[in-house]
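Peer 1: Mind looking over this structure? Questions follow.
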Amino acid sequence: MVDVDIYLEAARAGLAAIDPGPVRRAAEICLECVLGGGKILFCGNGGSAADSQHLAGELIGRFRLERAGIPALALAADCAVITALANDYSFDSVFARQVEALGRAGDVLVALTTSGGSRNVLLAMEEARGLGMRVVAFTGASGGPAAAAADVAVKAPSDVTSHAQEALLVAGHALCAAIEAGFAAADRRDPRNG
């Protein structure tokens, strides 16, 4: 049986070791995007797919502040699109094809892959680059090819999947808080908002 205290201590140590610098840079990239009229696309597999939906929901709805909705979309959320693309093309294409259809220059792709090597996520990053989008990667400690291909990589301080996911969710919440604060402040300064 897993010793709960040991597990929780490892999780706490991971959270304490998150580097705020890349999270801050990622927030700046995302805020510049949405203030310029762009949107943030999220993608990932498994737990990272769920985290993508979670983070997009925090931006579209509200994280902590009442403000206008922030344009965000989780590419793992539409099972009809995902299964059609996987069936008609390949599972490797399920995110890249959506980036092709929905992404525009100035948008941001936030790619979540704890291994840093998920092929479908890497292909989405490549497609985003080709469209003139900025790319943020959320990865495990090693970063893998995703970290190398991103404008900024937010790396969990662990390659143990569960601990990487825990740390990346905290980093994702920090990202949402920073985007939301900057967006709300800019919205209040816009004279069109009364």
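Identifiers in this document derive from the order of the structure tokens: chains are assigned A, B, ..., residues are numbered from 1 separately in each chain, and ligands are numbered from 1 in order of occurrence.
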With 12 Å as the cut-off and only C-alpha atoms counted, what is the closest atom pair between each nearby residue of region 62-117 of chain A and region 11-34 of chain A? Distances in Å to one decimal, ordered by chain and number, as a tab-separated table.

Peer 2:
```
residue	atom	partner	partner_atom	distance
A:Ala68	CA	A:Val34	CA	11.5
A:Gly69	CA	A:Val34	CA	10.3
A:Ile70	CA	A:Val34	CA	7.0
A:Pro71	CA	A:Val34	CA	7.0
A:Ala72	CA	A:Val34	CA	9.0
A:Arg104	CA	A:Cys33	CA	10.8
A:Ala105	CA	A:Cys33	CA	9.7
A:Gly106	CA	A:Cys33	CA	6.0
A:Asp107	CA	A:Cys33	CA	5.8
A:Val108	CA	A:Cys30	CA	6.4
A:Leu109	CA	A:Cys30	CA	9.0
A:Val110	CA	A:Ala26	CA	8.9
A:Ala111	CA	A:Ala26	CA	11.5
```

Peer 1: What does the distance from CA of Gly182 (chain A) to CA of Gln53 (chain A) come to in Å, to one decimal?

Peer 2: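 About the pair CA of Gly182 (chain A) and CA of Gln53 (chain A): they are 21.3 Å apart.
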
Peer 1: Could you write out, as a PDB file with C-alpha atoms, in the first residue's frame, all the residues of region 37-72 of chain A that DSSP marks as helix (DSSP H, G or I)?

Peer 2:
```pdb
ATOM      1  CA  GLY A  47      -5.447  13.928 -17.833  1.00  0.00           C
ATOM      2  CA  SER A  48      -3.991  16.755 -19.912  1.00  0.00           C
ATOM      3  CA  ALA A  49      -7.166  16.762 -22.021  1.00  0.00           C
ATOM      4  CA  ALA A  50      -9.203  17.182 -18.851  1.00  0.00           C
ATOM      5  CA  ASP A  51      -6.863  19.938 -17.669  1.00  0.00           C
ATOM      6  CA  SER A  52      -7.219  21.639 -21.075  1.00  0.00           C
ATOM      7  CA  GLN A  53     -10.982  21.702 -20.666  1.00  0.00           C
ATOM      8  CA  HIS A  54     -10.653  22.892 -17.082  1.00  0.00           C
ATOM      9  CA  LEU A  55      -8.354  25.803 -17.957  1.00  0.00           C
ATOM     10  CA  ALA A  56     -10.406  26.877 -20.981  1.00  0.00           C
ATOM     11  CA  GLY A  57     -13.487  26.865 -18.757  1.00  0.00           C
ATOM     12  CA  GLU A  58     -11.762  29.068 -16.172  1.00  0.00           C
ATOM     13  CA  LEU A  59     -11.055  31.665 -18.873  1.00  0.00           C
ATOM     14  CA  ILE A  60     -14.392  31.551 -20.672  1.00  0.00           C
TER      15      ILE A  60
END
```

Peer 1: Mind checking DSSP for chain A and telling me the strand (DSSP E) residues as a PDB file with N, CA and C atoms, in the first residue's frame?

Peer 2:
```pdb
ATOM      1  N   ILE A  40      -7.110  31.611 -27.154  1.00  0.00           N
ATOM      2  CA  ILE A  40      -6.178  30.618 -26.636  1.00  0.00           C
ATOM      3  C   ILE A  40      -6.767  29.243 -26.877  1.00  0.00           C
ATOM      4  N   LEU A  41      -6.021  28.395 -27.577  1.00  0.00           N
ATOM      5  CA  LEU A  41      -6.415  27.007 -27.814  1.00  0.00           C
ATOM      6  C   LEU A  41      -5.596  26.120 -26.875  1.00  0.00           C
ATOM      7  N   PHE A  42      -6.249  25.146 -26.267  1.00  0.00           N
ATOM      8  CA  PHE A  42      -5.586  24.205 -25.372  1.00  0.00           C
ATOM      9  C   PHE A  42      -5.688  22.805 -25.963  1.00  0.00           C
ATOM     10  N   CYS A  43      -4.630  21.993 -25.811  1.00  0.00           N
ATOM     11  CA  CYS A  43      -4.742  20.591 -26.215  1.00  0.00           C
ATOM     12  C   CYS A  43      -3.903  19.710 -25.307  1.00  0.00           C
ATOM     13  N   ALA A  72     -11.279  31.226 -25.298  1.00  0.00           N
ATOM     14  CA  ALA A  72     -10.451  30.042 -25.084  1.00  0.00           C
ATOM     15  C   ALA A  72     -11.219  28.815 -25.555  1.00  0.00           C
ATOM     16  N   LEU A  73     -10.488  27.803 -25.992  1.00  0.00           N
ATOM     17  CA  LEU A  73     -11.116  26.611 -26.544  1.00  0.00           C
ATOM     18  C   LEU A  73     -10.249  25.394 -26.249  1.00  0.00           C
ATOM     19  N   ALA A  74     -10.861  24.336 -25.734  1.00  0.00           N
ATOM     20  CA  ALA A  74     -10.157  23.077 -25.495  1.00  0.00           C
ATOM     21  C   ALA A  74     -10.391  22.151 -26.687  1.00  0.00           C
ATOM     22  N   VAL A 108      -2.811  31.786 -29.520  1.00  0.00           N
ATOM     23  CA  VAL A 108      -1.841  31.021 -28.735  1.00  0.00           C
ATOM     24  C   VAL A 108      -2.334  29.589 -28.589  1.00  0.00           C
ATOM     25  N   LEU A 109      -1.433  28.636 -28.753  1.00  0.00           N
ATOM     26  CA  LEU A 109      -1.715  27.240 -28.438  1.00  0.00           C
ATOM     27  C   LEU A 109      -1.012  26.908 -27.134  1.00  0.00           C
ATOM     28  N   VAL A 110      -1.770  26.427 -26.159  1.00  0.00           N
ATOM     29  CA  VAL A 110      -1.188  25.910 -24.912  1.00  0.00           C
ATOM     30  C   VAL A 110      -1.253  24.397 -25.018  1.00  0.00           C
ATOM     31  N   ALA A 111      -0.085  23.781 -25.148  1.00  0.00           N
ATOM     32  CA  ALA A 111       0.038  22.348 -25.383  1.00  0.00           C
ATOM     33  C   ALA A 111       0.454  21.658 -24.094  1.00  0.00           C
ATOM     34  N   LEU A 112      -0.399  20.777 -23.581  1.00  0.00           N
ATOM     35  CA  LEU A 112      -0.115  20.063 -22.340  1.00  0.00           C
ATOM     36  C   LEU A 112       0.314  18.634 -22.672  1.00  0.00           C
ATOM     37  N   THR A 113       1.520  18.274 -22.276  1.00  0.00           N
ATOM     38  CA  THR A 113       2.012  16.917 -22.462  1.00  0.00           C
ATOM     39  C   THR A 113       3.063  16.639 -21.395  1.00  0.00           C
ATOM     40  N   ARG A 134       1.673  31.739 -31.382  1.00  0.00           N
ATOM     41  CA  ARG A 134       2.662  31.497 -30.330  1.00  0.00           C
ATOM     42  C   ARG A 134       2.289  30.172 -29.664  1.00  0.00           C
ATOM     43  N   VAL A 135       3.285  29.531 -29.066  1.00  0.00           N
ATOM     44  CA  VAL A 135       3.072  28.218 -28.461  1.00  0.00           C
ATOM     45  C   VAL A 135       3.656  28.187 -27.049  1.00  0.00           C
ATOM     46  N   VAL A 136       2.825  27.752 -26.109  1.00  0.00           N
ATOM     47  CA  VAL A 136       3.227  27.536 -24.720  1.00  0.00           C
ATOM     48  C   VAL A 136       3.115  26.041 -24.464  1.00  0.00           C
ATOM     49  N   ALA A 137       4.142  25.439 -23.880  1.00  0.00           N
ATOM     50  CA  ALA A 137       4.104  24.017 -23.533  1.00  0.00           C
ATOM     51  C   ALA A 137       4.076  23.863 -22.020  1.00  0.00           C
ATOM     52  N   PHE A 138       3.222  22.965 -21.549  1.00  0.00           N
ATOM     53  CA  PHE A 138       3.200  22.538 -20.151  1.00  0.00           C
ATOM     54  C   PHE A 138       3.683  21.088 -20.165  1.00  0.00           C
ATOM     55  N   THR A 139       4.838  20.824 -19.539  1.00  0.00           N
ATOM     56  CA  THR A 139       5.450  19.502 -19.620  1.00  0.00           C
ATOM     57  C   THR A 139       5.933  19.027 -18.249  1.00  0.00           C
ATOM     58  N   VAL A 152       7.677  29.285 -24.851  1.00  0.00           N
ATOM     59  CA  VAL A 152       8.000  29.166 -23.435  1.00  0.00           C
ATOM     60  C   VAL A 152       7.481  27.818 -22.952  1.00  0.00           C
ATOM     61  N   ALA A 153       8.270  27.164 -22.092  1.00  0.00           N
ATOM     62  CA  ALA A 153       7.880  25.875 -21.536  1.00  0.00           C
ATOM     63  C   ALA A 153       7.745  25.989 -20.023  1.00  0.00           C
ATOM     64  N   VAL A 154       6.565  25.654 -19.539  1.00  0.00           N
ATOM     65  CA  VAL A 154       6.315  25.561 -18.104  1.00  0.00           C
ATOM     66  C   VAL A 154       6.537  24.100 -17.748  1.00  0.00           C
ATOM     67  N   LYS A 155       7.599  23.831 -16.998  1.00  0.00           N
ATOM     68  CA  LYS A 155       7.969  22.458 -16.678  1.00  0.00           C
ATOM     69  C   LYS A 155       7.648  22.148 -15.225  1.00  0.00           C
TER      70      LYS A 155
END
```

Peer 1: Hey, what's within 10 Å of Glu166 (chain A) if we count only C-alpha atoms and toss same-chain stuff fewer than 2 positions away? As a PyMOL selection string, please?

Peer 2: chain A and resi 11-12+14-15+156+158+161-164+168-172

Peer 1: Please dump the current selection as a PDB file, in the first residue's frame; keep C-alpha atoms.

Peer 2:
```pdb
ATOM      1  CA  ALA A  11       3.395  16.454  -4.092  1.00  0.00           C
ATOM      2  CA  ARG A  12       4.089  19.360  -1.699  1.00  0.00           C
ATOM      3  CA  GLY A  14       6.848  19.500  -6.319  1.00  0.00           C
ATOM      4  CA  LEU A  15       4.478  22.414  -5.853  1.00  0.00           C
ATOM      5  CA  ALA A 156       6.719  20.562 -13.666  1.00  0.00           C
ATOM      6  CA  SER A 158       8.885  15.982 -11.750  1.00  0.00           C
ATOM      7  CA  THR A 161       3.060  11.739 -14.297  1.00  0.00           C
ATOM      8  CA  SER A 162       0.809  12.223 -11.272  1.00  0.00           C
ATOM      9  CA  HIS A 163       3.149  14.748  -9.643  1.00  0.00           C
ATOM     10  CA  ALA A 164       3.727  16.544 -12.944  1.00  0.00           C
ATOM     11  CA  LEU A 168       0.934  21.781 -13.851  1.00  0.00           C
ATOM     12  CA  LEU A 169      -2.608  22.285 -12.580  1.00  0.00           C
ATOM     13  CA  VAL A 170      -1.299  24.761 -10.002  1.00  0.00           C
ATOM     14  CA  ALA A 171       0.767  26.461 -12.725  1.00  0.00           C
ATOM     15  CA  GLY A 172      -2.348  26.485 -14.947  1.00  0.00           C
TER      16      GLY A 172
END
```
